[in-house]
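> Handing over target-v4.cif, mmCIF, C-alpha atoms.
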```cif
data_upload
loop_
_atom_site.label_atom_id
_atom_site.label_comp_id
_atom_site.auth_asym_id
_atom_site.auth_seq_id
_atom_site.Cartn_x
_atom_site.Cartn_y
_atom_site.Cartn_z
CA MET A 156 79.52 108.44 -37.91
CA CYS A 157 79.11 111.09 -35.27
CA HIS A 158 77.34 108.98 -32.68
CA GLN A 159 79.83 106.20 -33.23
CA THR A 160 82.76 108.60 -32.82
CA VAL A 161 81.64 109.92 -29.45
CA SER A 162 80.75 106.39 -28.34
CA LEU A 163 84.29 105.23 -29.08
CA VAL A 164 85.79 108.25 -27.33
CA ALA A 165 83.55 107.73 -24.28
CA ARG A 166 84.64 104.10 -24.07
CA HIS A 167 88.31 105.08 -24.26
CA LEU A 168 88.00 107.77 -21.59
CA GLU A 169 86.05 105.48 -19.30
CA ALA A 170 88.51 102.62 -19.71
CA ASN A 171 91.24 105.04 -18.66
CA GLY A 172 89.56 106.26 -15.51
CA ILE A 173 87.41 109.20 -16.60
CA PRO A 174 83.65 108.66 -16.07
CA THR A 175 81.56 109.79 -19.03
CA VAL A 176 78.02 110.54 -20.05
CA LEU A 177 77.07 110.68 -23.71
CA PHE A 178 74.14 112.71 -25.03
CA GLY A 179 72.65 111.54 -28.29
CA SER A 180 69.66 110.76 -30.47
CA ALA A 181 70.75 107.68 -32.42
CA LYS A 182 69.92 105.07 -29.81
CA ASP A 183 70.76 102.08 -31.96
CA ILE A 184 74.24 103.27 -32.92
CA VAL A 185 75.26 104.18 -29.36
CA GLU A 186 73.89 101.01 -27.78
CA HIS A 187 75.39 98.87 -30.54
CA ALA A 188 78.83 100.23 -29.71
CA GLY A 189 78.09 100.04 -25.98
CA VAL A 190 78.78 103.02 -23.72
CA PRO A 191 78.82 103.43 -19.94
CA ARG A 192 76.13 106.14 -19.59
CA PHE A 193 73.80 107.49 -22.24
CA VAL A 194 71.13 110.18 -22.17
CA PHE A 195 68.86 109.49 -25.10
CA SER A 196 66.72 112.29 -26.52
CA ASP A 197 64.30 111.01 -29.15
CA PHE A 198 64.87 114.07 -31.31
CA PRO A 199 65.99 114.60 -34.91
CA LEU A 200 69.78 114.26 -35.20
CA GLY A 201 71.53 117.49 -34.22
CA ASN A 202 69.75 118.35 -30.95
CA SER A 203 71.39 116.04 -28.45
CA MET A 204 71.65 118.81 -25.81
CA GLY A 205 68.05 120.00 -26.00
CA LYS A 206 65.78 121.95 -28.28
CA PRO A 207 67.06 125.04 -30.10
CA HIS A 208 66.15 128.38 -28.52
CA ASP A 209 64.70 126.54 -25.56
CA PRO A 210 67.03 127.08 -22.59
CA GLU A 211 64.78 125.13 -20.23
CA SER A 212 64.93 122.10 -22.48
CA GLN A 213 68.72 122.43 -22.64
CA ARG A 214 69.08 122.79 -18.87
CA PHE A 215 66.78 119.85 -18.29
CA THR A 216 68.78 117.67 -20.67
CA LEU A 217 72.11 118.57 -19.08
CA GLU A 218 70.74 117.95 -15.58
CA LEU A 219 69.55 114.54 -16.72
CA GLY A 220 73.17 113.81 -17.65
CA PHE A 221 74.45 114.98 -14.27
CA ARG A 222 72.01 112.71 -12.49
CA THR A 223 72.95 109.82 -14.73
CA LEU A 224 76.60 110.37 -13.83
CA GLU A 225 75.72 110.43 -10.14
CA ARG A 226 73.41 107.46 -10.05
CA ALA A 227 74.36 104.92 -12.72
CA PHE A 228 75.77 101.85 -11.01
CA GLY A 229 76.88 99.97 -14.08
CA SER A 230 77.68 100.31 -17.76
CA ARG A 231 75.14 100.43 -20.60
CA THR A 232 72.93 102.69 -18.51
CA THR A 233 70.53 104.45 -20.85
CA VAL A 234 68.20 107.14 -19.59
CA GLN A 235 65.58 108.34 -22.05
CA SER A 236 64.63 111.99 -21.78
CA PRO A 237 60.88 112.42 -21.29
CA LEU A 238 60.95 115.45 -23.61
CA ILE A 239 59.30 114.93 -26.98
CA TRP A 240 60.14 116.73 -30.18
CA ASP A 241 56.63 117.06 -31.56
CA ASP A 242 53.22 115.64 -30.76
CA ASP A 243 53.28 114.36 -34.31
CA PRO A 244 55.93 111.61 -34.60
CA THR A 245 55.95 111.52 -38.40
CA TRP A 246 59.30 113.38 -38.52
CA LYS A 247 60.85 110.00 -37.76
CA LEU A 248 59.95 108.78 -41.23
CA ASP A 249 62.03 111.32 -43.07
CA PHE A 250 65.73 110.81 -42.34
CA SER A 251 67.55 108.92 -45.12
CA ASN A 252 64.42 106.92 -45.73
CA ILE A 253 64.64 105.26 -49.09
CA ASP A 254 60.92 104.51 -48.96
CA GLN A 255 60.24 108.23 -49.08
CA LEU A 256 62.24 108.95 -52.22
CA SER A 257 61.39 108.71 -55.89
CA GLU A 258 63.79 107.16 -58.39
CA GLU A 259 64.76 110.62 -59.61
CA GLU A 260 65.60 111.76 -56.10
CA VAL A 261 67.68 108.64 -55.50
CA ALA A 262 69.66 109.32 -58.69
CA ALA A 263 70.23 112.95 -57.70
CA ARG A 264 71.46 111.97 -54.27
CA ARG A 265 73.80 109.37 -55.76
CA ASP A 266 75.45 112.08 -57.87
CA ALA A 267 75.68 114.44 -54.92
CA PHE A 268 77.20 111.75 -52.71
CA ASP A 269 79.92 110.99 -55.26
CA LYS A 270 80.91 114.67 -55.32
CA VAL A 271 80.89 114.95 -51.53
CA LYS A 272 83.15 111.91 -51.17
CA GLN A 273 85.74 113.50 -53.46
CA ILE A 274 85.65 116.72 -51.45
CA ALA A 275 86.15 114.76 -48.22
CA ARG A 276 89.11 112.90 -49.75
CA ASP A 277 90.75 116.19 -50.75
CA ARG A 278 90.19 117.66 -47.31
CA ARG A 279 91.66 114.61 -45.59
CA VAL A 280 94.83 114.87 -47.69
CA LYS A 281 95.06 118.58 -46.86
CA ASP A 282 94.81 117.82 -43.13
CA GLY A 283 97.61 115.29 -43.53
CA ALA A 284 95.45 112.64 -41.90
CA ALA A 285 95.04 109.02 -42.84
CA MET B 1258 57.19 119.73 -37.81
CA PRO B 1259 53.86 118.35 -38.95
CA LEU B 1260 53.60 117.06 -42.47
CA SER B 1261 50.69 119.29 -43.29
CA GLY B 1262 51.51 122.06 -45.66
CA ARG B 1263 54.08 120.21 -47.70
CA SER B 1264 54.04 121.19 -51.31
CA VAL B 1265 51.80 119.32 -53.68
CA SER B 1266 54.55 118.37 -56.10
CA SER B 1267 56.70 116.67 -53.48
CA MET B 1268 53.99 114.50 -52.03
CA VAL B 1269 54.99 110.87 -51.95
CA PHE B 1270 53.22 108.31 -49.84
CA PRO B 1271 55.74 105.95 -48.31
CA ARG B 1272 55.60 102.29 -49.12
CA PHE B 1273 54.46 100.69 -45.91
CA SER B 1274 52.83 97.33 -45.35
CA ASN B 1275 52.08 95.72 -48.65
CA PRO B 1276 49.62 98.02 -50.37
CA THR B 1277 47.50 96.43 -53.07
CA THR B 1278 49.45 96.23 -56.28
CA GLY B 1279 48.26 97.84 -59.44
CA ALA B 1280 47.41 101.35 -60.44
CA ASP B 1281 44.61 103.42 -59.03
CA SER B 1282 43.83 101.02 -56.24
CA THR B 1283 42.12 102.12 -53.09
CA VAL B 1284 44.68 103.43 -50.64
CA VAL B 1285 43.90 102.64 -47.04
CA LEU B 1286 45.36 105.24 -44.80
CA ARG B 1287 45.36 105.34 -41.08
CA ALA B 1288 45.25 108.78 -39.62
CA TYR B 1289 47.33 109.84 -36.65
CA ASP B 1290 44.15 109.80 -34.59
CA CYS B 1291 43.91 106.07 -35.47
CA LYS B 1292 40.49 106.40 -37.05
CA PRO B 1293 40.47 104.44 -40.28
CA ARG B 1294 39.70 106.36 -43.40
CA HIS B 1295 39.41 104.87 -46.85
CA ILE B 1296 40.22 107.22 -49.66
CA ASP B 1297 39.40 106.36 -53.21
CA GLY B 1298 41.52 107.63 -56.05
CA VAL B 1299 43.94 109.52 -53.88
CA GLY B 1300 46.78 108.72 -56.20
CA THR B 1301 48.55 106.13 -58.29
CA PHE B 1302 50.99 103.39 -57.44
CA SER B 1303 54.18 103.22 -59.46
CA GLY B 1304 57.83 102.54 -58.87
CA GLY B 1305 57.06 101.26 -55.42
CA PHE B 1306 55.51 104.50 -54.22
CA TRP B 1307 52.09 105.94 -53.85
CA HIS B 1308 52.01 109.27 -55.57
CA THR B 1309 49.32 111.80 -55.08
CA THR B 1310 48.65 115.24 -56.39
CA LYS B 1311 46.79 116.22 -53.29
CA PRO B 1312 48.34 117.58 -50.11
CA TYR B 1313 47.79 115.72 -46.86
CA THR B 1314 45.90 118.65 -45.44
CA GLN B 1315 43.20 118.17 -48.03
CA HIS B 1316 42.21 115.01 -46.22
CA GLY B 1317 42.84 116.27 -42.73
CA LEU B 1318 45.21 113.37 -42.23
CA LYS B 1319 48.53 112.84 -40.58
CA ILE B 1320 49.52 109.57 -42.10
CA VAL B 1321 51.40 107.09 -39.99
CA SER B 1322 50.98 104.01 -42.11
CA THR B 1323 49.05 102.38 -44.86
CA THR B 1324 47.52 99.12 -43.98
CA SER B 1325 44.79 96.71 -44.93
CA PRO B 1326 41.18 97.07 -43.78
CA ALA B 1327 41.57 93.81 -41.85
CA ALA B 1328 44.37 95.33 -39.81
CA GLU B 1329 42.24 98.26 -38.76
CA ALA B 1330 40.42 96.30 -36.07
CA ALA B 1331 43.71 95.45 -34.39
CA SER B 1332 44.86 99.02 -34.61
CA GLY B 1333 41.62 100.12 -33.01
CA ASP B 1334 42.36 97.83 -30.06
CA ALA B 1335 45.86 99.24 -29.77
CA HIS B 1336 44.44 102.74 -29.69
CA ALA B 1337 41.91 101.78 -27.01
CA LEU B 1338 44.71 100.39 -24.85
CA GLY B 1339 46.62 103.64 -25.08
CA PHE B 1340 49.48 102.34 -27.22
CA ALA B 1341 51.66 104.94 -28.88
CA PRO B 1342 51.53 105.20 -32.67
CA GLU B 1343 53.46 102.34 -34.25
CA ILE B 1344 56.02 104.62 -35.82
CA ASP B 1345 56.78 106.39 -32.54
CA VAL B 1346 59.88 104.35 -31.72
CA PRO B 1347 63.57 105.30 -31.78
CA THR B 1348 64.67 105.46 -35.39
CA ARG B 1349 66.85 102.54 -36.47
CA TYR B 1350 69.59 104.59 -38.06
CA MET B 1351 71.90 101.71 -38.90
CA GLN B 1352 69.18 99.95 -40.89
CA ARG B 1353 68.03 103.23 -42.47
CA THR B 1354 71.48 104.17 -43.70
CA ARG B 1355 72.23 100.63 -44.83
CA ASP B 1356 69.09 100.55 -46.97
CA TYR B 1357 69.75 104.08 -48.15
CA TYR B 1358 73.28 103.48 -49.41
CA LEU B 1359 72.38 100.13 -50.91
CA ALA B 1360 69.67 101.89 -52.89
CA LEU B 1361 72.19 104.52 -53.96
CA GLY B 1362 74.30 101.71 -55.36
CA TYR B 1363 76.89 101.31 -52.62
CA GLY B 1364 77.30 97.71 -51.58
CA ASN B 1365 79.60 96.44 -48.84
CA PRO B 1366 77.53 97.82 -45.97
CA TYR B 1367 79.37 99.63 -43.20
CA ARG B 1368 80.22 97.55 -40.16
CA TRP B 1369 79.33 99.66 -37.17
CA ALA B 1370 81.38 99.40 -34.00
CA GLN B 1371 79.99 96.74 -31.68
CA PHE B 1372 81.40 95.57 -28.37
CA GLY B 1373 80.36 92.99 -25.83
CA GLU B 1374 82.32 94.55 -23.00
CA VAL B 1375 81.64 98.08 -21.85
CA PRO B 1376 84.01 99.81 -19.41
CA PHE B 1377 82.73 101.50 -16.27
CA THR B 1378 84.45 103.90 -13.90
CA ALA B 1379 82.53 105.02 -10.82
CA VAL B 1380 82.33 108.75 -10.19
CA SER B 1381 84.73 109.30 -7.30
CA LYS B 1382 83.77 112.77 -6.07
CA PRO B 1383 80.64 114.93 -5.91
CA LEU B 1384 79.96 116.79 -9.16
CA SER B 1385 80.05 119.99 -7.15
CA GLU B 1386 83.77 119.34 -6.70
CA ALA B 1387 84.50 117.82 -10.10
CA CYS B 1388 86.20 119.31 -13.14
CA VAL B 1389 83.98 118.68 -16.18
CA GLY B 1390 85.37 118.27 -19.70
CA LEU B 1391 83.26 118.64 -22.83
CA VAL B 1392 83.71 116.73 -26.10
CA THR B 1393 82.00 117.76 -29.32
CA THR B 1394 82.02 116.71 -32.97
CA ALA B 1395 81.11 120.22 -34.09
CA ALA B 1396 83.66 122.23 -36.08
CA HIS B 1397 84.90 125.80 -35.78
CA PHE B 1398 83.27 128.02 -38.36
CA ASP B 1399 85.72 128.94 -41.11
CA PRO B 1400 84.47 131.10 -43.98
CA ALA B 1401 87.04 129.47 -46.25
CA PHE B 1402 85.14 126.19 -46.18
CA GLY B 1403 81.88 127.13 -47.87
CA ASP B 1404 78.34 127.16 -46.56
CA GLN B 1405 78.24 126.04 -42.95
CA GLY B 1406 75.11 127.91 -41.97
CA PRO B 1407 71.78 126.56 -40.77
CA GLY B 1408 70.18 124.57 -43.55
CA ALA B 1409 73.45 124.11 -45.44
CA ALA B 1410 73.72 120.88 -47.38
CA TYR B 1411 76.17 118.28 -46.11
CA ASN B 1412 79.53 120.05 -46.38
CA ALA B 1413 82.42 117.60 -46.50
CA GLY B 1414 84.81 120.51 -47.04
CA ALA B 1415 84.15 121.64 -43.47
CA LYS B 1416 85.19 118.32 -41.95
CA PHE B 1417 88.29 118.07 -39.77
CA TYR B 1418 90.49 115.03 -39.42
CA THR B 1419 92.61 115.78 -36.38
CA PRO B 1420 91.29 116.45 -32.86
CA TYR B 1421 91.39 119.98 -31.52
CA ALA B 1422 91.30 121.61 -28.08
CA THR B 1423 89.96 125.13 -27.62
CA ALA B 1424 89.84 127.39 -24.55
CA THR B 1425 86.47 127.59 -22.80
CA ASP B 1426 86.92 131.20 -21.67
CA SER B 1427 84.98 132.48 -24.67
CA VAL B 1428 82.08 131.03 -26.65
CA PRO B 1429 83.23 129.73 -30.02
CA ASP B 1430 81.18 129.59 -33.21
CA LEU B 1431 80.72 125.88 -33.81
CA ARG B 1432 78.88 124.40 -36.78
CA ILE B 1433 77.64 120.97 -37.79
CA SER B 1434 77.34 121.31 -41.57
CA HIS B 1435 79.99 118.57 -41.92
CA LEU B 1436 77.79 116.06 -40.08
CA GLY B 1437 74.86 113.94 -41.13
CA TYR B 1438 72.29 115.65 -38.94
CA ASP B 1439 68.60 115.86 -39.84
CA ARG B 1440 68.50 118.54 -42.53
CA LYS B 1441 64.73 118.63 -42.59
CA HIS B 1442 63.76 118.89 -38.94
CA THR B 1443 66.83 120.26 -37.19
CA ARG B 1444 67.29 124.03 -37.33
CA ALA B 1445 71.00 124.07 -36.45
CA ASP B 1446 70.71 127.79 -35.70
CA ASP B 1447 71.30 127.55 -31.95
CA GLN B 1448 74.55 125.81 -31.13
CA ARG B 1449 73.44 125.31 -27.54
CA SER B 1450 71.20 122.52 -28.81
CA TYR B 1451 74.34 120.49 -29.55
CA PHE B 1452 77.15 122.29 -27.70
CA PRO B 1453 76.28 122.99 -24.03
CA LEU B 1454 79.14 125.32 -23.07
CA GLU B 1455 76.86 128.11 -21.86
CA ARG B 1456 74.66 125.65 -19.97
CA LEU B 1457 77.76 124.21 -18.31
CA ARG B 1458 78.89 127.68 -17.29
CA GLU B 1459 75.49 128.22 -15.66
CA ALA B 1460 75.85 124.91 -13.84
CA ASN B 1461 79.29 126.00 -12.72
CA GLU B 1462 78.02 129.36 -11.45
CA ALA B 1463 75.19 127.59 -9.62
CA GLY B 1464 77.68 125.28 -7.94
CA ARG B 1465 76.23 122.19 -9.60
CA ILE B 1466 79.68 121.33 -10.97
CA GLY B 1467 83.04 122.21 -9.46
CA THR B 1468 84.80 123.65 -12.48
CA LEU B 1469 84.60 123.64 -16.24
CA ALA B 1470 87.83 122.40 -17.82
CA SER B 1471 89.95 125.16 -19.34
CA ARG B 1472 89.52 123.61 -22.79
CA PHE B 1473 86.87 121.67 -24.68
CA TYR B 1474 87.77 118.97 -27.15
CA GLY B 1475 86.83 118.42 -30.80
CA ALA B 1476 86.55 114.83 -32.00
CA PRO B 1477 86.81 114.18 -35.75
CA THR B 1478 84.04 111.97 -37.12
CA ASN B 1479 86.28 109.57 -38.94
CA ARG B 1480 84.78 106.68 -40.86
CA SER B 1481 87.79 104.67 -39.69
CA GLN B 1482 87.09 103.26 -36.24
CA ARG B 1483 90.79 102.46 -35.91
CA VAL B 1484 91.76 106.12 -36.27
CA THR B 1485 89.17 107.17 -33.69
CA MET B 1486 90.17 104.47 -31.22
CA GLU B 1487 93.93 104.48 -31.64
CA THR B 1488 94.72 108.09 -32.50
CA ASP B 1489 91.94 110.56 -31.74
CA ALA B 1490 90.54 109.20 -28.46
CA PRO B 1491 94.03 108.86 -26.88
CA GLN B 1492 94.81 112.44 -27.87
CA ILE B 1493 91.63 113.69 -26.19
CA LEU B 1494 92.42 111.61 -23.10
CA GLU B 1495 95.88 113.17 -22.94
CA TRP B 1496 94.46 116.69 -23.11
CA MET B 1497 91.89 115.87 -20.44
CA ARG B 1498 94.61 114.62 -18.13
CA GLU B 1499 96.63 117.79 -18.71
CA ASP B 1500 93.52 119.81 -17.83
CA GLY B 1501 92.64 117.75 -14.75
CA VAL B 1502 89.28 116.56 -16.03
CA ASP B 1503 87.34 114.38 -13.56
CA VAL B 1504 84.22 113.61 -15.62
CA ALA B 1505 83.48 113.99 -19.33
CA ILE B 1506 80.36 115.04 -21.20
CA LEU B 1507 80.07 114.10 -24.86
CA GLY B 1508 77.49 115.55 -27.23
CA ALA B 1509 76.70 113.68 -30.44
CA ASN B 1510 75.05 115.16 -33.51
#
```
Turn this file's structure into structure tokens for me.

Amino acid sequence: MCHQTVSLVARHLEANGIPTVLFGSAKDIVEHAGVPRFVFSDFPLGNSMGKPHDPESQRFTLELGFRTLERAFGSRTTVQSPLIWDDDPTWKLDFSNIDQLSEEEVAARRDAFDKVKQIARDRRVKDGAA
Amino acid sequence: MPLSGRSVSSMVFPRFSNPTTGADSTVVLRAYDCKPRHIDGVGTFSGGFWHTTKPYTQHGLKIVSTTSPAAEAASGDAHALGFAPEIDVPTRYMQRTRDYYLALGYGNPYRWAQFGEVPFTAVSKPLSEACVGLVTTAAHFDPAFGDQGPGAAYNAGAKFYTPYATATDSVPDLRISHLGYDRKHTRADDQRSYFPLERLREANEAGRIGTLASRFYGAPTNRSQRVTMETDAPQILEWMREDGVDVAILGAN
């Protein structure tokens, strides 16, 4: 949901006169929604602003966003960061990949997901939100 | 993180392109270096998966796909032409999660937001004179809400459902345990990899941006697109106007 959330917020801000740049790693979700400016880092989800404990990577990523703000001349501008996460791209196979899980693991995750949904429902009621 | 070194018991070969059916067949693996290797008796095929009792490192392989011997010639050509490995493309998260939740037994796949029109507002002043606002989906750490540390399992109890605005004059402790980030490959132990407040301060000190807005803004990751579009985004816009924000930076997770 996270990439969708910031995509929707970026669209709203932009439509109301505030230029935006979105940093993210789920290219399909962001481009499906459609945003004005997007800096795409092909990293595992959770590192949209650069690598952990790597200030240079973080500065580079932010600067890429600044330049995208300055130079994009139309919406749906995607700039892909040249930084790579690992020489070995096999990390891409792991996230929520049903082909990587045994039947037992699928069953365990189903149980866990049911519990998590109940917790989220309780929390939503507590926050007084819809 | 390379695959090598994964524990023996958890080894599962993914089901790629149509491996030969039946038990104890020859598994054709293509190594990351694109040199074909045929391995006899590496494991058994059951339940749609290749299982092996041997770690990848035993074969010196980084497996990117299984394929047929006939396909190896084509892959050799691709390698000679300098093509990237086939799997080295942006992950298709919508398809991944759709398949994942269908397999978990949840039908009625989620309809992701999709628009034909995309707004665009030109930047009207140099960044060195602009006030920059920052939007995050991270949440303030609260010990009352369970494990939010690096490596914590998905923690729905740490979610928030109303937007927040927090002063930027100190560095907050923001966590992402309530989000579906990559639990395996993301460390989540350096918030600057998803929340660039300190990097923005540097940019401010260097004169790259005019000012940093007095507050940053927390956006709830609500499954309901209507709530995000009609309640949360307008609230964040209102705060940004109060704070005189000229351009906005949004970090996803």
> From the set B:Ile1506, B:Val1346, B:Ala1401, B:Met1486, which residue has the shortest atom-to-atom contact distance to Lys247 (chain A), counting all atoms listed in the file?
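Going through B:Ile1506, B:Val1346, B:Ala1401, B:Met1486 one by one, the smallest distance to Lys247 (chain A) is for B:Val1346.
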> Go ahead and compute the interatomic distance for CA of Gly179 (chain A) and CA of Leu217 (chain A), in Å to one decimal.
11.6 Å
> Using all atoms listed in the file, which protein or nucleic acid residues come within 12 Å of Arg226 (chain A)? Drop anything in the same chain fewer than 3 positions from it, and give the result as a CSV table (one decimal) with C-alpha atoms, in the frame of the given file.

```
chain,number,residue,atom,x,y,z
A,174,PRO,CA,83.6,108.7,-16.1
A,176,VAL,CA,78.0,110.5,-20.0
A,191,PRO,CA,78.8,103.4,-19.9
A,192,ARG,CA,76.1,106.1,-19.6
A,219,LEU,CA,69.6,114.5,-16.7
A,220,GLY,CA,73.2,113.8,-17.6
A,221,PHE,CA,74.4,115.0,-14.3
A,222,ARG,CA,72.0,112.7,-12.5
A,223,THR,CA,73.0,109.8,-14.7
A,229,GLY,CA,76.9,100.0,-14.1
A,230,SER,CA,77.7,100.3,-17.8
A,232,THR,CA,72.9,102.7,-18.5
A,233,THR,CA,70.5,104.4,-20.8
A,234,VAL,CA,68.2,107.1,-19.6
B,1379,ALA,CA,82.5,105.0,-10.8
B,1380,VAL,CA,82.3,108.8,-10.2
B,1381,SER,CA,84.7,109.3,-7.3
B,1383,PRO,CA,80.6,114.9,-5.9
B,1384,LEU,CA,80.0,116.8,-9.2
```
> Using Å and a single decimal, report how far CA of Gln255 (chain A) sits from CA of Ala1360 (chain B).
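Here the two named atoms are 12.0 Å from each other.
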> Any idea what the distance is between CA of Asp1356 (chain B) and CA of Arg231 (chain A)?
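These two atoms are separated by 27.1 Å.
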> Within 7 Å of chain A, which residues belong to chain B? Use all atoms listed in the file and report them as JSON, numbers by chain.
{"B": [1258, 1259, 1269, 1271, 1272, 1321, 1345, 1347, 1348, 1349, 1350, 1351, 1353, 1354, 1356, 1357, 1361, 1370, 1371, 1372, 1375, 1376, 1377, 1378, 1379, 1380, 1394, 1413, 1414, 1418, 1419, 1438, 1439, 1442, 1443, 1445, 1447, 1449, 1450, 1451, 1452, 1453, 1456, 1478, 1479, 1480, 1485, 1486, 1490, 1494, 1503, 1504, 1505, 1506, 1507, 1508, 1509, 1510]}
> Taking all atoms listed in the file into account, which of B:Ala1415, B:Leu1457, B:Ala1409, B:Leu1359 comes nearest Arg1444 (chain B)?
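So, comparing all the options, the nearest one is B:Ala1409.
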> Measuring atom to atom with all atoms listed in the file, identify which of B:Leu1391, B:Ala1460, B:Ile1433, B:Ala1410 is nearest to Arg1472 (chain B).
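That would be B:Leu1391, the residue with the smallest distance to Arg1472 (chain B).
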> From the list B:Gln1492, B:Thr1393, B:Asn1412, B:Gln1405, which residue is nearest Arg1432 (chain B) when using all atoms listed in the file?
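Answer, going by the shortest atom-to-atom distance: B:Gln1405.
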> For region 218-237 of chain A, supply N, CA and C atoms and report the output as an mmCIF file, in the frame of the given file.

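Written out: rebuild29.cif:
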```cif
data_model
loop_
_atom_site.group_PDB
_atom_site.id
_atom_site.type_symbol
_atom_site.label_atom_id
_atom_site.label_comp_id
_atom_site.auth_asym_id
_atom_site.auth_seq_id
_atom_site.Cartn_x
_atom_site.Cartn_y
_atom_site.Cartn_z
ATOM 1 N N GLU A 218 70.951 118.438 -16.941
ATOM 2 C CA GLU A 218 70.740 117.950 -15.580
ATOM 3 C C GLU A 218 70.482 116.443 -15.571
ATOM 4 N N LEU A 219 69.783 115.977 -16.598
ATOM 5 C CA LEU A 219 69.550 114.540 -16.720
ATOM 6 C C LEU A 219 70.892 113.800 -16.815
ATOM 7 N N GLY A 220 71.833 114.400 -17.534
ATOM 8 C CA GLY A 220 73.170 113.810 -17.650
ATOM 9 C C GLY A 220 73.910 113.816 -16.322
ATOM 10 N N PHE A 221 73.800 114.915 -15.591
ATOM 11 C CA PHE A 221 74.450 114.980 -14.270
ATOM 12 C C PHE A 221 73.918 113.876 -13.368
ATOM 13 N N ARG A 222 72.604 113.726 -13.374
ATOM 14 C CA ARG A 222 72.010 112.710 -12.490
ATOM 15 C C ARG A 222 72.399 111.298 -12.931
ATOM 16 N N THR A 223 72.530 111.135 -14.241
ATOM 17 C CA THR A 223 72.950 109.820 -14.730
ATOM 18 C C THR A 223 74.378 109.528 -14.284
ATOM 19 N N LEU A 224 75.225 110.548 -14.327
ATOM 20 C CA LEU A 224 76.600 110.370 -13.830
ATOM 21 C C LEU A 224 76.576 109.988 -12.349
ATOM 22 N N GLU A 225 75.737 110.645 -11.586
ATOM 23 C CA GLU A 225 75.720 110.430 -10.140
ATOM 24 C C GLU A 225 75.122 109.091 -9.733
ATOM 25 N N ARG A 226 74.190 108.604 -10.530
ATOM 26 C CA ARG A 226 73.410 107.460 -10.050
ATOM 27 C C ARG A 226 73.615 106.154 -10.794
ATOM 28 N N ALA A 227 74.183 106.183 -11.997
ATOM 29 C CA ALA A 227 74.360 104.920 -12.720
ATOM 30 C C ALA A 227 75.293 104.015 -11.925
ATOM 31 N N PHE A 228 74.926 102.766 -11.783
ATOM 32 C CA PHE A 228 75.770 101.850 -11.010
ATOM 33 C C PHE A 228 76.433 100.802 -11.868
ATOM 34 N N GLY A 229 76.230 100.906 -13.185
ATOM 35 C CA GLY A 229 76.880 99.970 -14.080
ATOM 36 C C GLY A 229 76.850 100.494 -15.497
ATOM 37 N N SER A 230 77.599 99.829 -16.381
ATOM 38 C CA SER A 230 77.680 100.310 -17.760
ATOM 39 C C SER A 230 76.415 99.975 -18.541
ATOM 40 N N ARG A 231 76.316 100.536 -19.738
ATOM 41 C CA ARG A 231 75.140 100.430 -20.600
ATOM 42 C C ARG A 231 73.883 101.002 -19.941
ATOM 43 N N THR A 232 74.089 102.021 -19.097
ATOM 44 C CA THR A 232 72.930 102.690 -18.510
ATOM 45 C C THR A 232 72.390 103.716 -19.488
ATOM 46 N N THR A 233 71.173 103.490 -19.964
ATOM 47 C CA THR A 233 70.530 104.450 -20.850
ATOM 48 C C THR A 233 69.359 105.095 -20.112
ATOM 49 N N VAL A 234 69.342 106.415 -20.126
ATOM 50 C CA VAL A 234 68.200 107.140 -19.590
ATOM 51 C C VAL A 234 67.551 107.875 -20.745
ATOM 52 N N GLN A 235 66.269 107.653 -20.954
ATOM 53 C CA GLN A 235 65.580 108.340 -22.050
ATOM 54 C C GLN A 235 64.936 109.614 -21.520
ATOM 55 N N SER A 236 65.248 110.721 -22.161
ATOM 56 C CA SER A 236 64.630 111.990 -21.780
ATOM 57 C C SER A 236 63.127 111.912 -22.020
ATOM 58 N N PRO A 237 62.327 112.421 -21.080
ATOM 59 C CA PRO A 237 60.880 112.420 -21.290
ATOM 60 C C PRO A 237 60.426 113.513 -22.269
#
```
